[in-house]
Every structure is written in structure tokens, then in C-alpha cells.
>>> print(open('start_32.csv').read())   # CSV, C-alpha atoms
chain,number,residue,atom,x,y,z
A,1,MET,CA,180.7,24.0,315.3
A,2,ALA,CA,177.9,22.9,317.7
A,3,ASP,CA,176.3,19.6,316.7
A,4,PHE,CA,173.3,18.5,318.8
A,5,ARG,CA,172.7,15.2,317.1
A,6,PHE,CA,172.9,12.5,319.7
A,7,SER,CA,174.9,9.3,319.2
A,8,ASP,CA,173.2,5.9,319.4
A,9,ILE,CA,174.3,5.4,323.0
A,10,ASP,CA,173.2,8.9,324.0
A,11,GLN,CA,169.8,8.3,322.5
A,12,GLN,CA,169.5,5.0,324.3
A,13,ILE,CA,170.2,6.8,327.6
A,14,LEU,CA,167.5,9.4,326.9
A,15,ASP,CA,164.9,6.8,326.0
A,16,LYS,CA,165.7,4.8,329.1
A,17,VAL,CA,165.4,7.9,331.3
A,18,VAL,CA,161.9,8.5,329.9
A,19,GLU,CA,161.0,4.9,330.5
A,20,VAL,CA,162.2,5.1,334.1
A,21,GLY,CA,160.2,8.3,334.6
A,22,ASN,CA,157.0,6.9,333.1
A,23,SER,CA,157.2,3.8,335.3
A,24,THR,CA,156.4,5.8,338.4
A,25,GLN,CA,153.3,7.4,337.0
A,26,ALA,CA,151.1,5.5,339.5
A,27,HIS,CA,152.6,7.6,342.3
A,28,THR,CA,152.2,11.0,340.7
A,29,ARG,CA,148.9,12.0,342.3
A,30,TYR,CA,149.9,10.7,345.7
A,31,TYR,CA,152.9,13.1,346.0
A,32,GLU,CA,150.7,15.9,344.5
A,33,ASP,CA,148.3,15.4,347.4
A,34,HIS,CA,150.9,14.7,350.0
A,35,GLU,CA,153.3,17.5,349.2
A,36,HIS,CA,155.3,17.5,352.5
A,37,GLU,CA,156.2,13.8,352.1
A,38,THR,CA,159.6,13.3,350.5
A,39,PRO,CA,159.5,10.5,347.9
A,40,PRO,CA,161.9,7.6,348.8
A,41,ALA,CA,165.1,7.1,346.8
A,42,ARG,CA,163.3,4.3,344.9
A,43,LEU,CA,159.6,4.1,344.2
A,44,GLU,CA,157.6,0.9,344.0
A,45,GLY,CA,157.2,-0.2,340.4
A,46,GLU,CA,160.1,1.9,339.1
A,47,ARG,CA,161.7,0.1,336.2
A,48,GLY,CA,164.9,0.4,334.3
A,49,PHE,CA,166.9,2.5,336.8
A,50,GLU,CA,169.7,0.0,337.1
A,51,GLU,CA,170.1,0.0,333.3
A,52,VAL,CA,170.8,3.8,333.0
A,53,PHE,CA,174.2,4.2,334.6
A,54,PRO,CA,175.9,1.3,332.8
A,55,LEU,CA,175.0,3.0,329.5
A,56,PHE,CA,176.9,6.1,330.7
A,57,GLY,CA,180.0,3.9,330.9
A,58,GLN,CA,179.6,3.1,327.2
A,59,ARG,CA,179.8,6.8,326.1
A,60,LYS,CA,182.9,7.8,324.1
A,61,PRO,CA,184.9,11.1,324.3
A,62,ASP,CA,183.4,12.2,321.0
A,63,ASP,CA,179.8,11.8,322.3
A,64,THR,CA,177.8,14.9,323.3
A,65,PRO,CA,179.8,17.0,325.9
A,66,MET,CA,178.7,16.1,329.5
A,67,MET,CA,176.9,19.3,330.6
A,68,THR,CA,175.1,19.6,327.2
A,69,PHE,CA,174.0,16.0,327.4
A,70,MET,CA,172.8,16.3,331.0
A,71,MET,CA,170.6,19.2,329.9
A,72,ALA,CA,169.1,16.8,327.3
A,73,VAL,CA,168.7,14.2,330.1
A,74,SER,CA,166.9,16.8,332.2
A,75,ILE,CA,164.5,17.6,329.4
A,76,ALA,CA,163.8,13.9,328.9
A,77,ARG,CA,163.4,13.2,332.6
A,78,GLY,CA,161.1,16.2,333.2
A,79,SER,CA,158.9,15.3,330.3
A,80,ALA,CA,158.1,11.9,331.8
A,81,ARG,CA,154.7,11.4,333.5
A,82,GLY,CA,156.0,9.9,336.8
A,83,VAL,CA,157.4,11.5,339.9
A,84,VAL,CA,160.2,13.8,339.1
A,85,ARG,CA,162.0,14.5,342.4
A,86,GLY,CA,163.7,17.9,342.8
A,87,LEU,CA,165.8,19.8,340.3
A,88,GLY,CA,169.1,18.0,340.7
A,89,LEU,CA,170.2,15.5,338.2
A,90,ALA,CA,171.2,12.0,339.2
A,91,MET,CA,174.7,12.2,338.0
A,92,PRO,CA,176.4,8.9,337.1
A,93,MET,CA,179.6,9.8,339.0
A,94,GLY,CA,177.6,10.0,342.2
A,95,LYS,CA,178.3,13.7,342.8
A,96,ALA,CA,175.7,15.9,344.6
A,97,SER,CA,173.7,18.2,342.3
A,98,GLY,CA,171.7,20.8,344.1
A,99,LEU,CA,171.7,24.4,342.8
A,100,GLY,CA,174.2,25.4,345.5
A,101,ASN,CA,176.6,22.8,344.1
A,102,ALA,CA,176.8,24.9,340.9
A,103,ALA,CA,177.7,27.9,343.0
A,104,LEU,CA,180.4,26.0,344.8
A,105,GLN,CA,181.9,24.7,341.5
A,106,SER,CA,181.7,28.2,340.0
A,107,ALA,CA,183.0,30.4,342.8
A,108,GLY,CA,184.6,28.1,345.5
A,109,THR,CA,188.2,27.6,346.1
A,110,PRO,CA,189.9,24.2,345.4
A,111,GLU,CA,189.9,23.5,349.1
A,112,GLN,CA,186.2,24.3,349.5
A,113,LYS,CA,185.3,22.1,346.5
A,114,ALA,CA,187.3,19.2,348.0
A,115,LYS,CA,185.7,19.7,351.5
A,116,TRP,CA,182.1,20.2,350.5
A,117,GLY,CA,181.8,18.9,346.9
A,118,ASP,CA,180.0,15.7,347.9
A,119,LEU,CA,177.3,17.4,349.9
A,120,PHE,CA,173.9,18.3,348.6
A,121,LEU,CA,173.7,22.1,348.6
A,122,ALA,CA,170.7,24.4,348.1
A,123,MET,CA,170.8,28.0,347.0
A,124,SER,CA,169.4,30.6,349.4
A,125,ILE,CA,169.0,34.0,347.8
A,126,THR,CA,165.4,35.2,347.8
A,127,GLU,CA,164.1,37.2,350.7
A,128,PRO,CA,160.6,38.3,351.8
A,129,ASN,CA,161.3,41.8,350.3
A,130,VAL,CA,164.0,40.9,347.7
A,131,GLY,CA,163.3,38.9,344.6
A,132,SER,CA,164.8,39.5,341.2
A,133,ASP,CA,166.9,42.5,342.3
A,134,THR,CA,169.6,40.5,344.0
A,135,LYS,CA,171.8,43.5,344.7
A,136,ALA,CA,169.1,44.6,347.2
A,137,ILE,CA,169.9,41.7,349.6
A,138,GLN,CA,169.2,42.6,353.2
A,139,ALA,CA,170.7,39.6,355.0
A,140,THR,CA,173.9,40.6,356.7
A,141,ALA,CA,177.2,39.0,357.8
A,142,TYR,CA,180.0,40.3,359.9
A,143,LEU,CA,183.2,38.8,361.0
A,144,ASP,CA,183.6,38.1,364.7
A,145,GLY,CA,187.0,36.5,365.4
A,146,ASP,CA,187.3,33.4,363.2
A,147,GLU,CA,183.5,33.2,362.6
A,148,TRP,CA,181.0,34.9,360.3
A,149,VAL,CA,177.8,35.9,362.0
A,150,ILE,CA,174.8,35.9,359.7
A,151,ASN,CA,171.4,37.5,360.2
A,152,GLY,CA,168.4,37.5,357.9
A,153,ASP,CA,165.5,35.6,356.4
A,154,LYS,CA,165.3,33.6,353.2
A,155,ILE,CA,162.4,32.1,351.4
A,156,PHE,CA,161.7,29.8,348.4
A,157,VAL,CA,164.8,27.7,348.9
A,158,THR,CA,164.6,24.8,346.5
A,159,ASP,CA,165.5,21.5,348.1
A,160,GLY,CA,165.8,23.4,351.3
A,161,VAL,CA,164.4,20.6,353.4
A,162,LYS,CA,166.5,17.6,352.1
A,163,CYS,CA,169.7,19.4,351.4
A,164,ASP,CA,172.8,19.1,353.7
A,165,GLY,CA,173.3,22.9,353.6
A,166,ALA,CA,172.9,26.0,351.5
A,167,ILE,CA,174.8,28.7,349.8
A,168,VAL,CA,173.5,31.9,351.5
A,169,TRP,CA,173.8,35.3,350.0
A,170,ALA,CA,174.4,38.2,352.5
A,171,THR,CA,176.0,41.6,352.5
A,172,ILE,CA,179.1,42.3,354.6
A,173,ASP,CA,178.8,46.1,353.8
A,174,LYS,CA,175.5,47.6,352.9
A,175,SER,CA,177.0,50.9,352.0
A,176,ALA,CA,179.0,49.2,349.3
A,177,GLY,CA,175.9,48.0,347.4
A,178,ARG,CA,176.4,45.0,345.2
A,179,ALA,CA,180.1,45.0,345.9
A,180,GLY,CA,179.4,44.0,349.5
A,181,ILE,CA,177.4,40.9,348.7
A,182,LYS,CA,179.1,37.6,349.4
A,183,SER,CA,178.1,33.9,349.5
A,184,PHE,CA,178.5,31.7,352.5
A,185,LEU,CA,178.2,28.0,352.9
A,186,VAL,CA,176.0,27.2,355.9
A,187,LEU,CA,175.4,23.6,356.9
A,188,LYS,CA,172.3,22.3,358.6
A,189,GLY,CA,172.8,22.3,362.4
A,190,ALA,CA,174.8,25.5,362.5
A,191,PRO,CA,173.9,27.5,365.6
A,192,GLY,CA,171.2,30.2,364.8
A,193,PHE,CA,170.1,28.4,361.5
A,194,GLU,CA,166.5,27.5,361.5
A,195,LEU,CA,164.3,25.8,358.9
A,196,VAL,CA,161.1,27.8,359.5
A,197,ARG,CA,158.6,26.0,357.2
A,198,GLN,CA,158.1,24.0,354.0
A,199,GLU,CA,156.0,25.9,351.4
A,200,LYS,CA,152.8,24.7,349.8
A,201,LYS,CA,153.0,25.4,346.1
A,202,LEU,CA,151.0,25.4,342.8
A,203,GLY,CA,153.3,22.9,341.2
A,204,ILE,CA,156.6,20.9,341.5
A,205,ARG,CA,155.1,19.5,344.7
A,206,ALA,CA,157.5,16.6,344.9
A,207,SER,CA,160.3,19.1,345.1
A,208,ASP,CA,160.5,20.6,348.6
A,209,THR,CA,160.7,24.4,349.0
A,210,ALA,CA,161.7,25.9,352.3
A,211,ALA,CA,162.0,29.2,354.3
A,212,TYR,CA,165.1,29.8,356.5
A,213,SER,CA,165.8,32.1,359.4
A,214,PHE,CA,169.3,33.1,360.5
A,215,ARG,CA,169.6,34.7,363.9
A,216,ASP,CA,173.3,35.3,364.9
A,217,CYS,CA,174.1,32.2,362.9
A,218,ARG,CA,177.8,31.4,363.3
A,219,VAL,CA,179.8,29.7,360.6
A,220,PRO,CA,183.6,29.2,360.3
A,221,ARG,CA,185.6,31.9,358.6
A,222,ASP,CA,186.5,29.6,355.7
A,223,SER,CA,182.7,29.3,354.8
A,224,LEU,CA,183.0,32.5,352.7
A,225,LEU,CA,182.7,31.1,349.1
A,226,GLY,CA,185.9,32.0,347.2
A,227,GLY,CA,187.6,33.3,350.4
A,228,ASP,CA,187.8,37.0,349.3
A,229,GLU,CA,186.8,39.1,352.3
A,230,THR,CA,187.6,42.5,350.7
A,231,VAL,CA,185.1,45.1,349.6
A,232,PRO,CA,186.3,47.2,346.6
A,233,LYS,CA,186.6,50.9,347.8
A,234,ASP,CA,186.0,52.2,344.3
A,235,GLY,CA,182.5,50.7,344.1
A,236,GLY,CA,183.6,47.9,341.8
A,237,SER,CA,181.6,44.7,341.9
A,238,ALA,CA,183.9,42.0,340.6
A,239,GLY,CA,183.1,39.7,343.4
A,240,TYR,CA,179.4,40.2,342.9
A,241,LYS,CA,179.7,39.6,339.2
A,242,GLY,CA,181.7,36.4,340.0
A,243,VAL,CA,178.9,35.1,342.2
A,244,MET,CA,176.3,36.0,339.5
A,245,LYS,CA,178.2,33.8,337.0
A,246,THR,CA,176.7,30.9,338.9
A,247,PHE,CA,173.5,31.6,337.1
A,248,ASN,CA,175.2,31.0,333.8
A,249,MET,CA,175.5,27.4,334.9
A,250,THR,CA,172.1,27.0,336.6
A,251,ARG,CA,169.8,28.9,334.2
A,252,PRO,CA,170.2,26.4,331.4
A,253,ALA,CA,169.3,23.7,334.0
A,254,VAL,CA,166.2,25.6,335.1
A,255,ALA,CA,165.2,26.4,331.5
A,256,SER,CA,165.5,22.6,330.7
A,257,GLY,CA,162.8,22.1,333.3
A,258,GLY,CA,160.5,24.5,331.5
A,259,VAL,CA,161.2,22.9,328.1
A,260,ALA,CA,160.6,19.4,329.7
A,261,LYS,CA,157.1,20.4,330.8
A,262,ALA,CA,156.3,21.8,327.4
A,263,LYS,CA,157.6,18.7,325.7
A,264,GLY,CA,155.6,16.4,328.1
A,265,ALA,CA,152.4,18.4,327.5
A,266,PHE,CA,152.9,18.4,323.7
A,267,GLU,CA,153.6,14.7,323.6
A,268,PHE,CA,150.6,13.9,325.7
A,269,ALA,CA,148.3,16.0,323.5
A,270,ARG,CA,149.8,14.5,320.3
A,271,GLU,CA,149.2,10.9,321.6
A,272,ALA,CA,145.7,11.6,322.9
A,273,LEU,CA,144.6,13.2,319.6
A,274,ALA,CA,146.3,10.4,317.5
A,275,ALA,CA,144.2,7.9,319.5
A,276,GLU,CA,141.1,9.7,318.2
A,277,GLY,CA,142.4,9.8,314.6
A,278,VAL,CA,143.8,13.3,314.6
A,279,GLU,CA,147.3,13.4,313.4
A,280,VAL,CA,149.5,15.8,311.4
A,281,ASP,CA,149.4,14.9,307.7
A,282,TRP,CA,152.7,16.2,306.4
A,283,SER,CA,151.7,15.6,302.8
A,284,LYS,CA,149.2,18.4,303.0
A,285,SER,CA,150.0,22.0,302.4
A,286,PHE,CA,149.5,24.7,305.0
A,287,ASN,CA,146.1,25.7,303.8
A,288,GLN,CA,144.9,22.1,303.7
A,289,ARG,CA,145.6,21.2,307.3
A,290,SER,CA,143.1,21.5,310.1
A,291,ALA,CA,143.6,24.2,312.8
A,292,VAL,CA,144.4,21.5,315.3
A,293,GLU,CA,147.1,20.0,313.0
A,294,GLN,CA,148.7,23.4,312.5
A,295,LYS,CA,148.6,24.0,316.3
A,296,LEU,CA,150.5,20.8,316.9
A,297,ILE,CA,153.1,21.8,314.4
A,298,GLU,CA,153.6,25.2,316.1
A,299,LEU,CA,153.8,23.7,319.6
A,300,GLU,CA,156.4,21.2,318.5
A,301,ALA,CA,158.5,23.8,316.7
A,302,ASP,CA,158.4,26.1,319.7
A,303,THR,CA,159.5,23.3,322.0
A,304,GLU,CA,162.3,22.2,319.8
A,305,ALA,CA,163.5,25.8,319.4
A,306,ALA,CA,163.6,26.3,323.2
A,307,ALA,CA,165.5,23.0,323.6
A,308,LEU,CA,168.1,24.1,321.2
A,309,THR,CA,168.7,27.3,323.1
A,310,VAL,CA,169.3,25.3,326.3
A,311,LEU,CA,171.7,22.9,324.6
A,312,HIS,CA,173.6,25.8,323.0
A,313,ALA,CA,174.1,27.6,326.4
A,314,ALA,CA,175.3,24.4,328.0
A,315,TRP,CA,177.6,23.6,325.0
A,316,LEU,CA,179.3,27.0,325.4
A,317,SER,CA,179.8,26.1,329.1
A,318,ASP,CA,181.3,22.8,328.1
A,319,LYS,CA,183.7,24.6,325.8
A,320,ARG,CA,184.6,27.1,328.6
A,321,ARG,CA,183.2,29.9,326.5
A,322,PRO,CA,181.3,32.9,327.9
A,323,ASN,CA,177.5,32.2,327.9
A,324,ASN,CA,175.9,35.0,329.8
A,325,LEU,CA,173.8,36.0,326.9
A,326,GLU,CA,172.9,32.5,325.8
A,327,SER,CA,172.0,31.5,329.4
A,328,SER,CA,169.5,34.3,329.6
A,329,ILE,CA,168.1,33.6,326.1
A,330,CYS,CA,167.5,29.9,327.0
A,331,LYS,CA,166.0,30.9,330.4
A,332,ALA,CA,163.6,33.4,328.7
A,333,LYS,CA,162.6,30.9,326.0
A,334,GLY,CA,162.2,28.1,328.4
A,335,GLY,CA,160.1,30.3,330.6
A,336,ASP,CA,157.9,31.1,327.6
A,337,VAL,CA,157.2,27.6,326.4
A,338,CYS,CA,156.5,26.3,329.8
A,339,ARG,CA,153.4,28.5,329.7
A,340,THR,CA,152.5,28.8,326.0
A,341,VAL,CA,153.0,25.2,324.9
A,342,THR,CA,151.4,23.6,327.9
A,343,GLN,CA,148.5,25.9,327.6
A,344,GLY,CA,148.3,25.2,323.9
A,345,ALA,CA,148.3,21.5,324.6
A,346,MET,CA,145.4,22.0,327.0
A,347,GLU,CA,143.5,24.0,324.4
A,348,VAL,CA,143.5,21.4,321.7
A,349,LEU,CA,142.5,18.7,324.3
A,350,GLY,CA,139.5,20.6,325.6
A,351,GLY,CA,137.7,19.6,328.7
A,352,MET,CA,139.8,16.4,329.4
A,353,SER,CA,142.9,18.7,330.0
A,354,ILE,CA,141.6,20.0,333.3
A,355,SER,CA,140.9,16.6,334.8
A,356,HIS,CA,143.2,15.0,337.4
A,357,ASP,CA,142.7,11.8,335.4
A,358,HIS,CA,145.3,13.1,333.0
A,359,VAL,CA,148.7,14.7,333.7
A,360,VAL,CA,148.6,17.5,331.1
A,361,GLU,CA,147.3,20.0,333.6
A,362,LYS,CA,150.2,19.0,336.0
A,363,PHE,CA,152.7,19.9,333.3
A,364,LEU,CA,151.2,23.4,333.2
A,365,ARG,CA,151.4,23.8,336.9
A,366,ASP,CA,154.9,22.3,337.3
A,367,GLY,CA,156.3,24.3,334.4
A,368,ARG,CA,155.0,27.7,335.5
A,369,ILE,CA,157.8,28.2,338.0
A,370,SER,CA,160.4,28.0,335.3
A,371,ASP,CA,159.6,31.6,334.2
A,372,ILE,CA,160.0,32.9,337.8
A,373,TYR,CA,162.9,31.4,339.7
A,374,GLU,CA,166.6,31.9,338.7
A,375,GLY,CA,165.6,35.3,337.4
A,376,THR,CA,162.2,36.1,335.9
A,377,GLY,CA,161.5,36.3,332.2
A,378,GLN,CA,161.4,40.1,332.4
A,379,ILE,CA,164.9,40.1,334.1
A,380,GLN,CA,166.3,37.8,331.4
A,381,ARG,CA,165.1,40.2,328.7
A,382,LEU,CA,166.8,43.1,330.5
A,383,ILE,CA,170.1,41.1,330.5
A,384,ILE,CA,169.7,40.1,326.9
A,385,ALA,CA,169.1,43.8,325.9
A,386,ARG,CA,172.1,45.0,327.9
A,387,GLU,CA,174.4,42.3,326.4
A,388,ILE,CA,173.3,43.1,322.8
A,389,LEU,CA,173.2,46.9,323.2
A,390,GLY,CA,176.2,47.2,325.4
A,391,TYR,CA,174.4,48.9,328.3
A,392,SER,CA,175.2,48.6,332.0
A,393,SER,CA,172.5,47.8,334.6
A,394,GLU,CA,172.5,51.5,335.5
A,395,GLU,CA,171.8,52.6,332.0
A,396,LEU,CA,169.1,50.0,331.3
A,397,THR,CA,166.9,49.0,334.2
>>> encode(input="start_32.csv", output="C-alpha cells")
Amino acid sequence: MADFRFSDIDQQILDKVVEVGNSTQAHTRYYEDHEHETPPARLEGERGFEEVFPLFGQRKPDDTPMMTFMMAVSIARGSARGVVRGLGLAMPMGKASGLGNAALQSAGTPEQKAKWGDLFLAMSITEPNVGSDTKAIQATAYLDGDEWVINGDKIFVTDGVKCDGAIVWATIDKSAGRAGIKSFLVLKGAPGFELVRQEKKLGIRASDTAAYSFRDCRVPRDSLLGGDETVPKDGGSAGYKGVMKTFNMTRPAVASGGVAKAKGAFEFAREALAAEGVEVDWSKSFNQRSAVEQKLIELEADTEAAALTVLHAAWLSDKRRPNNLESSICKAKGGDVCRTVTQGAMEVLGGMSISHDHVVEKFLRDGRISDIYEGTGQIQRLIIAREILGYSSEELT
């Protein structure tokens, strides 16, 4: 049975993570206005960072499972009001944690994991004409001797500037459809690999987002993730489905970002209203509370529900259980609250919510992406319906 109550040491870690995040609030607007500057590893005024990792060493085997707990850390970290850099989590064991690392761990061979496991890897899937429909990938790869030659363009690569390399999706046989799609690890500096530009965005401006170009880009033969060069002749797509399982690991992490922004906006609104004497009076019945009190209750309930879906999906992964449905549920719910709760928080705050003097509008902008990348909310609802009703992608599109 899943139990998401945190131990004392786990709660200490979560509280400390928020403290560290809030200590860099003075830098928030600077990196908003200077989007193409990468924040340093440590920011001036940052407090408490050295105290976090020793606390991890005090955790016991019966504490919250690691991936589940790291989703809680992600929610706590993202709800802070300081500079939150990138999407990767600062893991206590010093391992790299880009989105591409999840793909490597999910689909890579033991040799590939040992060779590249300590690198910071981005995920490069989206193309100028290909978004949610990943089976329509246009980038190509063909084998030339002992090298793969990759051609195509990729956009919206999270951490694409600061990463060491990227997991690049390309097809080795367009006639095979999704069965021909493979993943390749391409390191920075590979011949034919160009970082075209860094994007300017609505939110998450401290997280770099890049566009890539591949022109006869050559990578070693063993760069094919998983090592399987075959294309099923019967139209099967086991390899593609295996690559797609990466999302079962990354979608809870992305959803945690959306929940974090909802949590941050709600907590800001609750504190600001409390300072003006407006607080929820739990002794009152529903019809005795003010509209603002009731709104705060609804916002908190929605945020907590979304957080539980994230923890549940991660817990299933910790237990090595299938979580395709649950990953899509948490991604859809996280993508909802990052819009509805942040907007609700701004509504109860009124005019102050749109001022750059306060961070609540930043939570709205930063959270908005959570409903878009790693599969839009609409795509998640299709996946959920297929899982529940037993339909294939051909039967329900």
C-alpha cells in the first residue's frame, strides 16, 4: 500500500530545499530579464545548500522511496521564490539528471549507461513540423560503415545549451512508420551538429531552451540507444514503444514542475491575504465562509490532489510496476493546476498579482509550459482513454 506521509528527516529535507530556493529570490528578476545568461552553480546570498546533502545521508531504507521522494523535492524546490535552474534535480549521489538521462537509464545498454551515465543529457525530439505526434519524426539516420549519419532539425530542446549532449530521435526507415524510429546519443562537438540558437520564452527563463541542426552529423555505431538496429518487417513497434517508456519516468518529473508552480502561487496568495486579515476559518460551515475563503480551499485541494497523482506515478516506478496510465494522469493533472491554480491565485489577489514587484505572475508564466512539453494535456487524455478503454492508437486518435 502506498503511503505518502513523509518521515521527520524527509520533511526536514523538503523544508531545507524551500529555504535554499527562497534565499535566491533577490536574483529572480535579473535572470528573467537576462534570459540568455546561465546562472552560476552558486548564487550570491544562497543559504542552506551545504546542509541539504548531509540530511540525505540520514535517510533510512524505510523512508520514502527515492524517485517518489525526489518528486516531492522537485515540487518543494519549484514552489520556492528564488531562481530555479533547469528541470534536472540536484541528486545527492552526484549523478547527472537531464531529461536525456532518463532515456539512457530506461533504454540504454549496461555498457552505454556506464560510458555516458555521468554526462548531462538533454532530450531532442520536437521538430519544426512535428510536436505531439512523435511517430511523425522527420529527422533521419542511416548507417555508413561504423557510423550513423543523422540529418534533420530539432527545436525546444530543454537544457540544450548547457548539456554535454542529447538523445536525438530519428528514423532509420521512414516506410516503417513508428517502427523505424530510434534514439541516438549525440555529444556536443560531433561533426555536423550545430546549436542554432537559444530560444526566448514566456516563462522558465532561467532554464535554457535550444534549437539544433544536424547536417550529415556522424556518430559512432554504438551511439544507437539500446543497440537494436533491426526494423520489424511485420510493422511491429516494440522498439518505439520501448523508447516511449522513457516518458513514464519523465512525465511525473515534468508534472511535478506544474504542481510546484501551483503550490508556489497558492502559498503566496494565502500569505498575502493572511497579512491583510483574510484567512480560512475552518470552524465555519460552507455557507458561512466568504467567497475568497472558499476559493483558497479549492485551490489547495486541487494542488494537493495533483501532487498525490505525481507521487503515485513515481511510487509505481520505484516498485518496478507499470505506470503508463498513472504517468499520463499526473501529467494531465499537473498541466491543469499549473494554469487553473496559478490563475485562481492571481484572481483573489487582484491588481497586485500582475506586478513584477511580486512573484505570483511568474508562477503562472513558468508553470504554463507544464501542460505543453512531454506530451500536451490533450495527448495525455488520449493515452488515458486508450488505457482505460483498451483501444489502440489507431482506434482512438
>>> residues_near_point(input="start_32.csv", point="(166.9, 23.1, 322.5)", cutoff="10 Å", atoms="all atoms listed in the file", output="number ranges by chain")
A: 4, 71-72, 75, 255-256, 259, 302-313, 330, 333-334
>>> closest_residue(input="start_32.csv", among="A:Glu300, A:Asp153, A:Glu267, A:Glu276", to="Phe363 (chain A)", atoms="all atoms listed in the file")
A:Glu267
>>> residues_around(input="start_32.csv", residues="Lys113 (chain A)", least_positions_apart="4", cutoff="12 Å", atoms="only C-alpha atoms", output="MDAnalysis selection string")
chainID A and resid 95:96 100:109 117:119 121 185 222:223 225:226
>>> residues_around(input="start_32.csv", residues="region 159-162 of chain A", least_positions_apart="3", cutoff="7 Å", atoms="all atoms listed in the file", output="PDB file with C-alpha atoms, in the frame of the given file")
ATOM      1  CA  GLY A  86     163.700  17.900 342.800  1.00  0.00           C
ATOM      2  CA  ALA A 122     170.700  24.400 348.100  1.00  0.00           C
ATOM      3  CA  SER A 207     160.300  19.100 345.100  1.00  0.00           C
ATOM      4  CA  ASP A 208     160.500  20.600 348.600  1.00  0.00           C
ATOM      5  CA  THR A 209     160.700  24.400 349.000  1.00  0.00           C
ATOM      6  CA  ALA A 210     161.700  25.900 352.300  1.00  0.00           C
TER       7      ALA A 210
END
>>> closest_residue(input="start_32.csv", among="A:Gly57, A:Gly152, A:Gly145, A:Gly78", to="Gly258 (chain A)", atoms="all atoms listed in the file")
A:Gly78
>>> residues_around(input="start_32.csv", residues="Met66 (chain A)", least_positions_apart="2", cutoff="12 Å", atoms="only C-alpha atoms", output="short mmCIF file (atom, residue, chain, number, x, y, z; two decimals) with C-alpha atoms, in the coordinates of the input")
data_model
loop_
_atom_site.label_atom_id
_atom_site.label_comp_id
_atom_site.auth_asym_id
_atom_site.auth_seq_id
_atom_site.Cartn_x
_atom_site.Cartn_y
_atom_site.Cartn_z
CA PHE A 6 172.90 12.50 319.70
CA ASP A 10 173.20 8.90 324.00
CA PHE A 56 176.90 6.10 330.70
CA ARG A 59 179.80 6.80 326.10
CA LYS A 60 182.90 7.80 324.10
CA PRO A 61 184.90 11.10 324.30
CA ASP A 62 183.40 12.20 321.00
CA ASP A 63 179.80 11.80 322.30
CA THR A 64 177.80 14.90 323.30
CA THR A 68 175.10 19.60 327.20
CA PHE A 69 174.00 16.00 327.40
CA MET A 70 172.80 16.30 331.00
CA MET A 71 170.60 19.20 329.90
CA ALA A 72 169.10 16.80 327.30
CA VAL A 73 168.70 14.20 330.10
CA MET A 91 174.70 12.20 338.00
CA PRO A 92 176.40 8.90 337.10
CA MET A 93 179.60 9.80 339.00
CA LEU A 311 171.70 22.90 324.60
CA ALA A 314 175.30 24.40 328.00
CA TRP A 315 177.60 23.60 325.00
CA LEU A 316 179.30 27.00 325.40
CA SER A 317 179.80 26.10 329.10
CA ASP A 318 181.30 22.80 328.10
CA LYS A 319 183.70 24.60 325.80
#
>>> atom_distance(input="start_32.csv", atom1="CA of Val292 (chain A)", atom2="CA of Glu271 (chain A)")
13.2 Å
>>> closest_residue(input="start_32.csv", among="A:Val168, A:Leu224, A:Ala206, A:Val20", to="Glu111 (chain A)", atoms="all atoms listed in the file")
A:Leu224
>>> atom_distance(input="start_32.csv", atom1="CA of Ala274 (chain A)", atom2="CA of Arg77 (chain A)")
23.0 Å
